[in-house]
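In what follows, a structure is listed as structure tokens, so that the remarks can point back to it.
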Amino acid sequence: MAMVGDAISHAVLPGIVIAFLLTGSRDSVPMLIGAGLLGVLTTFLIEFFHRYARVQADASIGVTFTWLFAIGIILISVFAGQVDLDQDCVLYGEIAYVPLDLWITEGGLSLGPGTVWTLAFVTILILLFITFGYKELFLTAFDPGFAAAIGISTTAWYYSLMTAVSLTTVASFESVGAILVVALLVAPPATAYLLTDKFKNMLLLSVLAGIIASVAGYYLAVWIDGSIAGAIATVTGIEFTLAFLFSPSRGILLKRKQLQPVQH
Amino acid sequence: MNDFVEFFSFSDTNIRYVTLGSVLLASSSAVVGCFTLLRKRALVGDAVAHAVLPGVCLAFILSGTKNPFILLLGAFVTGWLSLVAIDFITARSRIKEDTAIGLVLSVFFGVGILLLTAIQHSGNAAQSGLDKFLFGKAASLVGEDLIAFAIVAVLLLVTTIIFYKELTLLCFDQAYAKTIGFPVRLLELLLTTLTVFAVVVGIQAVGVVLMAAMLITPAAAARFWTDKLSLMLVLAALIGAFSGVAGAFVSYTAPAMPTGPWIVLIVSMIAILSFAFAPKKGWVSRLLRQRRNKTQILEENLLKLMYQLGEQKPNYDAPRQLHELLERRAIPQKEAKAGLKRLQNQGYVEKLPSGWKLSSQGQRRGERVVRLHRLWELYLTQYLHLASDHVHEDAETIEHIITPELEQKLIEELDFPVMDPHSARIP
Amino acid sequence: MILQVDNPVVEVHDLTVSYDRKPVLWGIDLTLPAGALVGVIGPNGAGKSTMIKAMMDLLPVGSGYVRIFDKPIDEVRNRISYVPQRESVDWDFPASVFDVVLMGSYGKLGLFKRPRKADKDAAMEALNKVGMQAFADRQISQLSGGQQQRVFLARALAQDADIYFMDEPFAGVDIATETAIIELLRTMREQGKTVIVVHHDLQSANEYFDWVVLLNMRLVASGPTEHILTQELLEQTYGGKLTVLTKVGELLRKQEFPSREAK
């Protein structure tokens, strides 16, 4: 499913642009809604092409997201004068400018960077989603057949999860851009997956890996004077490589003798 | 209109370059894309496309020039490396292939962005234009680039033609290819290399992000029009080439428009239209076929009813009122009327003042449906041990689909039966 | 021979199931008695798994209906348990044995509620019954095939359902596990549970089950084991394919025909 996340992260672009054109502002709420809708639409289109038009699954993903992304870019070009988004921002964000975009209330009180508030809001939303849906998410991910048999709707949970992915994506979009969101979506969990066998530990470790990557990425970017988002993605890659090579249980260099299954 | 004539007269050298470039790039990647699609590895192209960026930047940093051959070499190295990384991660850890693709794609791209921004901030004057790799620059191709890309594109096409047979077998049945002594590893390597080459050139047209579309979309569209691989390759190339020209035209008439996204938009529209409307495989044509089936079922049911009414007397030539038919079977009156009209046009029934009457062809067709119905009922009871009160509904469908050959076989297997399970005579 | 029973726990009426319009099961009429240990037997591709999945409404059905405890399936979901084929899940999934067994309680808990102490006790007890209590904290990726199967079984036990559907629970397990599982199934039968098991081994079927369903694209036979496992019925099940049936199925798929006329 990692590539569906990739597809969503690209395909939310037209949603963001349209939300922007309709409201004329870079307000976060309409953008979140626009992108959320597009995210679900993407998931739906991928399913639709695959199931009803019988396009092979990977091609269905590829066609859908490139199409929507192209539409997004064209919209940006058409309304270049009105949209305060440019192609580069789409690709690698502008996290460095986040502190400049202050959220000032009508009373003139500065509440700090608006983006940070949006991100905080989405983070809380996602945490709530995972806390309350933990059991169902866990079960539908592991054994959809059993879940359906005992009456848990796999489709509903799949679409909820994809909505969560869309929200995360769009919240991070301004800061790190479309493709690097994918790095953050995929690399830390993959790293954690190589380090632990426990689902809860995997969640915690991937959060940790994400935080380390952000901090280290920032300093790396400052050091070589490059894009912060690019640097963060680079660090997530380094983290994964280290886990891949040196993980105590799974690393290909340090692999301990696997625990032998005990025979009965 | 003026623009149209001006563009397609190709009098302007620039237009010639751009068009030729776009066509070559789009069609060569489409051809290679067909093979990756058929190997069910379509998204690998996406990863390679993103992974090319750090290579371009590194090549620039190391060489300090924008010589297309050197940049292409850099792109080739990292693109290739990304494929190796995906295979290695999938083979040597429990990470699944799609996760590996997403991982390699985003990390390589991240490194590329980091290097690119670092180059931009370094103040090196020669760097301007490197970022064109992100979104492509089909509209500003110059002679020197074009020669380089044309060579690669032609090379790709020629290689594909030479190794057509081997690549086909590799995609279709890798295990078999191995047993008959094909160098499968080498062929895989060849396809990988071709993919990387296609991406490296294609990126010039549409850029990193949308490159996947140039590989996947024409191939996916072509797949809907044919079951023959050779034809599929040609179609994919044509679809790619057409989008290339169309994209170049758009950016000629509206210079502010990005060429790459337009090419992708056009090729996507072709693909989506193909998914919907391609004969046989398309979604709409399948819906149409289902509708045709419905009319066929309705018409044959009407003939069957008239035949069954005739059986009672027996008097097959008597005219019947519509309500007589509807009493035996609930068909919406409007549909039944329209169905009878169509049957009249086809010569299966005749309309008399006193009602509808079967023509001799109609009688024969009605008889056949009744026969198939009863044969199938008999088959279900004898071979599937279904209770005789459960076989009717199934036979209601099957009676419309059995071909003459199957009918013959059915009669033989049932040993030329006379009576159906409800003790009705099989005509 | 197809024996229908009164007051069945499972009633299947005129069930046709198609994959991509091609029917893989034709017109199944089947009733199963309460408290029986039922074996579903037939050759590869006979539609055994398809049938139990269709019984639980996990697949779209072309025609017919299924009633369990004389009710539509969705009303009795919490009385049903399912042991899927072992290969149907990814055993590299980061979960412990206990995590998986605890899933048995999820259906009853409903949305947003977390497993309580009682659910955890039930899970532990279920692990005890399959002799895996020592493995509670073990990661599932470290289990052998037989152990994986026991974990699946424990999950079903923890659910405390009234009817159990099991898809090939004996496939690829060691002898010890096979004996342990059959012992367990017998105990469940003693407690009045109904257990429906997809099985492929004719040899052991005679000894394991008290009711057998023979299947090969259609229902060949259903009844008490001693009446069903006869030379003649087995030949009908395993003997040559019904070519006409297969060909008609192909035609339905190619022509996009509905398996039943629109209502």
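For the structure tokens, the naming scheme is as follows: chains receive sequential letters (A, B, ...) according to their order of presentation, residues are indexed from 1 within each chain, and ligands are indexed from 1 in presentation order.
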
Compute the chain B side of the contact with chain A at 6 Å, counting only C-alpha atoms, and hand it back as a list in words. Ala42, Asp98, Thr99, Gly102, Leu103, Ser106, Val107, Gly110, Val111, Ile113, Leu114, Thr117, Ala118, Leu210, Ala213, Thr217, Pro261, Leu265, Ser268, Phe275 and Trp283 of chain B

Sorted by chain and rising residue number, which residues of chain A lie within 10 Å of chain C, and what are their closest atom pairs and distances in Å to one decimal, counting only C-alpha atoms, as JSON lines?
```
{"residue": "A:Phe129", "atom": "CA", "partner": "C:Phe112", "partner_atom": "CA", "distance": 9.8}
{"residue": "A:Thr131", "atom": "CA", "partner": "C:Phe112", "partner_atom": "CA", "distance": 8.4}
{"residue": "A:Phe132", "atom": "CA", "partner": "C:Phe112", "partner_atom": "CA", "distance": 5.0}
{"residue": "A:Gly133", "atom": "CA", "partner": "C:Phe112", "partner_atom": "CA", "distance": 6.0}
{"residue": "A:Tyr134", "atom": "CA", "partner": "C:Phe112", "partner_atom": "CA", "distance": 8.1}
{"residue": "A:Lys135", "atom": "CA", "partner": "C:Tyr106", "partner_atom": "CA", "distance": 7.2}
{"residue": "A:Glu136", "atom": "CA", "partner": "C:Tyr106", "partner_atom": "CA", "distance": 7.8}
{"residue": "A:Phe138", "atom": "CA", "partner": "C:Met103", "partner_atom": "CA", "distance": 9.0}
{"residue": "A:Leu139", "atom": "CA", "partner": "C:Met103", "partner_atom": "CA", "distance": 6.9}
{"residue": "A:Ala141", "atom": "CA", "partner": "C:Phe93", "partner_atom": "CA", "distance": 8.9}
{"residue": "A:Phe142", "atom": "CA", "partner": "C:Val89", "partner_atom": "CA", "distance": 6.5}
{"residue": "A:Asp143", "atom": "CA", "partner": "C:Val89", "partner_atom": "CA", "distance": 5.8}
{"residue": "A:Pro144", "atom": "CA", "partner": "C:Val89", "partner_atom": "CA", "distance": 8.5}
{"residue": "A:Gly145", "atom": "CA", "partner": "C:Pro84", "partner_atom": "CA", "distance": 6.9}
{"residue": "A:Phe146", "atom": "CA", "partner": "C:Tyr82", "partner_atom": "CA", "distance": 6.1}
{"residue": "A:Ala147", "atom": "CA", "partner": "C:Gly107", "partner_atom": "CA", "distance": 8.0}
{"residue": "A:Ala148", "atom": "CA", "partner": "C:Leu58", "partner_atom": "CA", "distance": 6.7}
{"residue": "A:Ala149", "atom": "CA", "partner": "C:Met56", "partner_atom": "CA", "distance": 6.2}
{"residue": "A:Ile150", "atom": "CA", "partner": "C:Arg77", "partner_atom": "CA", "distance": 5.4}
{"residue": "A:Gly151", "atom": "CA", "partner": "C:Arg77", "partner_atom": "CA", "distance": 6.0}
{"residue": "A:Ile152", "atom": "CA", "partner": "C:Gly107", "partner_atom": "CA", "distance": 7.1}
{"residue": "A:Tyr193", "atom": "CA", "partner": "C:Pro94", "partner_atom": "CA", "distance": 7.4}
{"residue": "A:Leu194", "atom": "CA", "partner": "C:Pro94", "partner_atom": "CA", "distance": 9.8}
{"residue": "A:Thr196", "atom": "CA", "partner": "C:Pro94", "partner_atom": "CA", "distance": 7.3}
{"residue": "A:Asp197", "atom": "CA", "partner": "C:Pro94", "partner_atom": "CA", "distance": 4.4}
{"residue": "A:Lys198", "atom": "CA", "partner": "C:Pro94", "partner_atom": "CA", "distance": 4.9}
{"residue": "A:Phe199", "atom": "CA", "partner": "C:Pro94", "partner_atom": "CA", "distance": 4.9}
{"residue": "A:Lys200", "atom": "CA", "partner": "C:Pro94", "partner_atom": "CA", "distance": 8.6}
{"residue": "A:Asn201", "atom": "CA", "partner": "C:Pro94", "partner_atom": "CA", "distance": 9.0}
{"residue": "A:Met202", "atom": "CA", "partner": "C:Pro94", "partner_atom": "CA", "distance": 7.6}
{"residue": "A:Gln258", "atom": "CA", "partner": "C:Gln142", "partner_atom": "CA", "distance": 8.3}
{"residue": "A:Leu259", "atom": "CA", "partner": "C:Gln142", "partner_atom": "CA", "distance": 6.7}
{"residue": "A:Gln260", "atom": "CA", "partner": "C:Gln142", "partner_atom": "CA", "distance": 7.1}
{"residue": "A:Pro261", "atom": "CA", "partner": "C:Leu143", "partner_atom": "CA", "distance": 5.2}
{"residue": "A:Val262", "atom": "CA", "partner": "C:Ser144", "partner_atom": "CA", "distance": 7.4}
{"residue": "A:Gln263", "atom": "CA", "partner": "C:Ser144", "partner_atom": "CA", "distance": 7.3}
{"residue": "A:His264", "atom": "CA", "partner": "C:Ala176", "partner_atom": "CA", "distance": 6.7}
```

Writing out the chosen residues with N, CA and C atoms as a compact mmCIF listing (two decimals), in the first residue's frame:
```
# COMPACT_ATOMS: atom_id res chain seq x y z
N PHE A 129 -7.33 9.45 15.89
CA PHE A 129 -7.76 8.41 14.95
C PHE A 129 -7.08 7.08 15.27
N THR A 131 -5.56 6.21 18.11
CA THR A 131 -5.88 5.70 19.43
C THR A 131 -7.22 4.98 19.42
N PHE A 132 -8.21 5.64 18.81
CA PHE A 132 -9.55 5.06 18.88
C PHE A 132 -9.76 3.94 17.86
N GLY A 133 -9.06 4.01 16.75
CA GLY A 133 -9.25 2.98 15.75
C GLY A 133 -8.17 1.91 15.79
N TYR A 134 -7.31 1.97 16.82
CA TYR A 134 -6.15 1.07 16.87
C TYR A 134 -6.51 -0.37 16.59
N LYS A 135 -7.50 -0.85 17.35
CA LYS A 135 -7.90 -2.25 17.27
C LYS A 135 -8.33 -2.62 15.85
N GLU A 136 -9.19 -1.79 15.24
CA GLU A 136 -9.70 -2.09 13.90
C GLU A 136 -8.61 -1.95 12.84
N PHE A 138 -5.46 -2.32 13.24
CA PHE A 138 -4.55 -3.44 13.44
C PHE A 138 -5.12 -4.70 12.79
N LEU A 139 -6.38 -4.97 13.06
CA LEU A 139 -6.99 -6.20 12.56
C LEU A 139 -7.18 -6.17 11.04
N ALA A 141 -5.54 -4.53 8.89
CA ALA A 141 -4.26 -4.59 8.21
C ALA A 141 -3.72 -6.02 8.21
N PHE A 142 -3.94 -6.74 9.31
CA PHE A 142 -3.34 -8.06 9.44
C PHE A 142 -4.16 -9.13 8.73
N ASP A 143 -5.46 -9.14 8.95
CA ASP A 143 -6.26 -10.24 8.44
C ASP A 143 -7.66 -9.75 8.02
N PRO A 144 -7.75 -9.16 6.81
CA PRO A 144 -9.02 -8.59 6.38
C PRO A 144 -10.14 -9.63 6.30
N GLY A 145 -9.80 -10.87 5.95
CA GLY A 145 -10.83 -11.91 5.84
C GLY A 145 -11.53 -12.15 7.17
N PHE A 146 -10.73 -12.30 8.23
CA PHE A 146 -11.29 -12.52 9.56
C PHE A 146 -12.10 -11.31 10.01
N ALA A 147 -11.54 -10.12 9.73
CA ALA A 147 -12.23 -8.88 10.12
C ALA A 147 -13.62 -8.85 9.50
N ALA A 148 -13.71 -9.16 8.21
CA ALA A 148 -15.01 -9.12 7.54
C ALA A 148 -15.94 -10.17 8.12
N ALA A 149 -15.39 -11.34 8.45
CA ALA A 149 -16.23 -12.42 8.97
C ALA A 149 -16.86 -12.05 10.30
N ILE A 150 -16.13 -11.31 11.14
CA ILE A 150 -16.73 -10.96 12.43
C ILE A 150 -17.42 -9.59 12.37
N GLY A 151 -17.57 -9.06 11.15
CA GLY A 151 -18.43 -7.89 10.98
C GLY A 151 -17.75 -6.55 11.08
N ILE A 152 -16.43 -6.49 10.82
CA ILE A 152 -15.75 -5.20 10.80
C ILE A 152 -15.54 -4.82 9.33
N TYR A 193 10.19 -1.10 11.09
CA TYR A 193 9.78 -2.48 10.79
C TYR A 193 10.96 -3.44 10.84
N LEU A 194 12.14 -2.89 10.47
CA LEU A 194 13.33 -3.75 10.49
C LEU A 194 13.90 -3.88 11.90
N THR A 196 11.97 -3.87 14.94
CA THR A 196 11.14 -4.48 15.97
C THR A 196 10.08 -5.39 15.37
N ASP A 197 9.57 -6.27 16.20
CA ASP A 197 8.50 -7.15 15.77
C ASP A 197 7.19 -6.77 16.44
N LYS A 198 7.22 -5.77 17.30
CA LYS A 198 6.01 -5.40 18.03
C LYS A 198 5.36 -4.20 17.37
N PHE A 199 4.06 -4.30 17.18
CA PHE A 199 3.36 -3.25 16.45
C PHE A 199 3.45 -1.91 17.18
N LYS A 200 3.26 -1.94 18.50
CA LYS A 200 3.30 -0.68 19.25
C LYS A 200 4.70 -0.07 19.21
N ASN A 201 5.70 -0.93 19.37
CA ASN A 201 7.08 -0.43 19.28
C ASN A 201 7.35 0.16 17.90
N MET A 202 6.76 -0.48 16.89
CA MET A 202 6.97 0.00 15.53
C MET A 202 6.40 1.41 15.41
N GLN A 258 18.74 -16.55 13.69
CA GLN A 258 17.30 -16.38 13.90
C GLN A 258 16.85 -17.30 15.02
N LEU A 259 15.90 -16.78 15.81
CA LEU A 259 15.32 -17.64 16.84
C LEU A 259 14.65 -18.80 16.14
N GLN A 260 15.06 -19.97 16.48
CA GLN A 260 14.48 -21.13 15.81
C GLN A 260 13.07 -21.38 16.33
N PRO A 261 12.13 -21.63 15.44
CA PRO A 261 10.80 -21.98 15.90
C PRO A 261 10.89 -23.26 16.74
N VAL A 262 10.25 -23.24 17.88
CA VAL A 262 10.31 -24.42 18.74
C VAL A 262 9.32 -25.46 18.24
N GLN A 263 9.81 -26.63 18.02
CA GLN A 263 8.92 -27.67 17.50
C GLN A 263 8.17 -28.35 18.62
N HIS A 264 6.96 -28.69 18.36
CA HIS A 264 6.16 -29.43 19.34
C HIS A 264 6.24 -30.90 19.04
```

Contacts of chain B with chain C up to 8 Å, shortest pair per row, only C-alpha atoms, as CSV:
```
residue,atom,partner,partner_atom,distance
B:Arg94,CA,C:Asp92,CA,7.2
B:Arg286,CA,C:Glu256,CA,7.1
B:Arg289,CA,C:Glu256,CA,6.9
B:Gln290,CA,C:Glu256,CA,6.0
B:Asn293,CA,C:Phe257,CA,6.7
B:Leu384,CA,C:Arg218,CA,6.0
B:His385,CA,C:Val220,CA,7.0
B:Leu386,CA,C:Gly27,CA,7.3
B:His390,CA,C:Asp14,CA,7.0
B:Glu393,CA,C:Arg260,CA,7.2
B:Asp394,CA,C:Arg260,CA,6.6
B:Glu396,CA,C:Glu261,CA,7.2
B:Thr397,CA,C:Arg260,CA,5.8
B:Ile398,CA,C:Val248,CA,7.7
B:Ile401,CA,C:Leu251,CA,7.2
B:Ile402,CA,C:Val248,CA,7.0
B:Leu406,CA,C:Val244,CA,6.9
B:Lys409,CA,C:Val244,CA,7.5
B:Leu410,CA,C:Val244,CA,6.9
```

If you run DSSP over the backbone, which residues in segment 188-401 of chain B end up helix (DSSP H, G or I)? Put them as a PyMOL selection string. chain B and resi 188-206+211-223+229-253+259-277+283-312+322-328+333-346+360-383+391-398

Find the distance between atom CA of Leu303 of chain B and atom CA of Asp420 of chain B and write it in Å to one decimal. 19.5 Å

For Val38 of chain C, list every protein, DNA or RNA residue within 8 Å, evaluated using only C-alpha atoms, and leave out those in the same chain fewer than 3 positions away; present the list as a list of chain:residue names. C:Thr194, C:Val195, C:Ile196, C:Val197, C:Phe209, C:Asp210, C:Trp211, C:Val212, C:Val213

Those residues with C-alpha atoms, as a compact mmCIF listing (two decimals), in the first residue's frame please?
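Result file is result-v4.txt:
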```txt
# COMPACT_ATOMS: atom_id res chain seq x y z
CA THR C 194 -20.89 -26.62 15.04
CA VAL C 195 -17.57 -26.80 13.23
CA ILE C 196 -17.29 -26.71 9.45
CA VAL C 197 -13.88 -27.67 8.18
CA PHE C 209 -15.84 -35.94 10.78
CA ASP C 210 -19.32 -37.12 11.58
CA TRP C 211 -20.88 -35.28 8.64
CA VAL C 212 -19.33 -34.92 5.22
CA VAL C 213 -20.08 -32.60 2.32
```

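Reported to one decimal place, the separation of atom CA of Tyr348 of chain B from atom CA of Gln361 of chain B is 5.7 Å.
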